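Each remark here refers to the structure printed beneath this line.
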Amino acid sequence: MDSDDIVDRLRYVAGYFDIAGDVRIEKGTRLCVSIDRPLESRANLMRIKEMFGGLVLPATRGRCAWKVYDDDAKRFIRYVKPHTWIKKRQLEVAEGV
């Protein structure tokens, strides 16, 4: 895979994150990045899991979610942040956690 393919994939993931992503602290200390999508998007969330680790939660109420924690979440932020638009500030704040 060449660098253009990697950048294209990161832009795609950033678009997904801008639409339906979230960064939060869970249980007081755990950095969590998640993307919540309709069940039809499960295959795309599985691809994101292959790139960044984490887990894809089982579908509930017609939706599924990808989540990644701590060091993997920081890695996601480092690679995806340059390609985000809407939630770039949220990722910048999370970098400082």
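Chain identifiers are assigned as A, B, and so on, following the order in which chains appear in the structure tokens; residues are numbered from 1 within each chain, and ligands are numbered from 1 in order of appearance.
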Using only C-alpha atoms, determine which residues lie at most 12 Å from Asp22 of chain A, disregarding the query and same-chain residues fewer than 3 positions distant; provide the list as an mmCIF file with C-alpha atoms, in the first residue's frame.
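Heads up, here's the output in selection_3.cif:
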data_model
loop_
_atom_site.group_PDB
_atom_site.id
_atom_site.type_symbol
_atom_site.label_atom_id
_atom_site.label_comp_id
_atom_site.auth_asym_id
_atom_site.auth_seq_id
_atom_site.Cartn_x
_atom_site.Cartn_y
_atom_site.Cartn_z
ATOM 1 C CA ALA A 14 -11.727 11.130 9.608
ATOM 2 C CA TYR A 16 -16.638 8.948 9.614
ATOM 3 C CA PHE A 17 -15.354 10.408 12.867
ATOM 4 C CA ASP A 18 -16.494 13.934 11.960
ATOM 5 C CA ILE A 19 -20.011 12.610 11.307
ATOM 6 C CA ILE A 25 -13.071 9.938 29.449
ATOM 7 C CA GLU A 26 -14.654 6.758 30.827
ATOM 8 C CA LEU A 31 -9.510 7.872 27.118
ATOM 9 C CA CYS A 32 -12.099 6.480 24.703
ATOM 10 C CA VAL A 33 -12.672 7.238 21.031
ATOM 11 C CA SER A 34 -15.846 5.835 19.499
ATOM 12 C CA ILE A 35 -17.851 5.925 16.297
ATOM 13 C CA ASP A 36 -21.546 5.015 16.397
ATOM 14 C CA ARG A 37 -23.240 4.075 13.108
ATOM 15 C CA ALA A 65 -20.251 1.095 17.644
ATOM 16 C CA TRP A 66 -16.480 0.908 17.359
ATOM 17 C CA LYS A 67 -14.496 1.848 20.475
ATOM 18 C CA VAL A 68 -10.803 2.146 21.189
ATOM 19 C CA TYR A 69 -9.134 3.052 24.476
ATOM 20 C CA ALA A 73 -7.098 5.966 21.190
ATOM 21 C CA ILE A 77 -6.071 10.769 17.363
ATOM 22 C CA ILE A 86 -15.673 19.295 12.314
ATOM 23 C CA LYS A 87 -14.213 17.625 15.393
ATOM 24 C CA LYS A 88 -10.579 18.673 15.112
ATOM 25 C CA ARG A 89 -10.790 20.787 18.294
ATOM 26 C CA GLN A 90 -12.248 17.847 20.226
ATOM 27 C CA LEU A 91 -9.259 15.734 19.177
ATOM 28 C CA ALA A 94 -8.094 14.896 23.914
#
**Request:** Pull the strand (DSSP E or B) assignments for chain A out of DSSP run on the backbone, and list those residues as a list in words.
**Result:**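 Strand (DSSP E or B) members of chain A, listed: Gly21, Asp22, Val23, Arg24, Ile25, Glu26, Arg30, Leu31, Cys32, Val33, Ser34, Ile35, Asp36, Arg37, Pro38, Leu55, Val56, Leu57, Pro58, Ala59, Thr60, Arg63, Cys64, Ala65, Trp66, Lys67, Val68 and Tyr69 of chain A.
You can rank A:Arg24, A:Arg30, A:Lys81, A:Arg75 by their closest distance to Met51 of chain A using only C-alpha atoms, and at the top of that list sits A:Arg75.
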**Asked** DSSP says helix (DSSP H, G or I) for which residues of chain A? Put them as an MDAnalysis selection string?
**Response** chainID A and resid 3:20 39:52 70:83 88:95
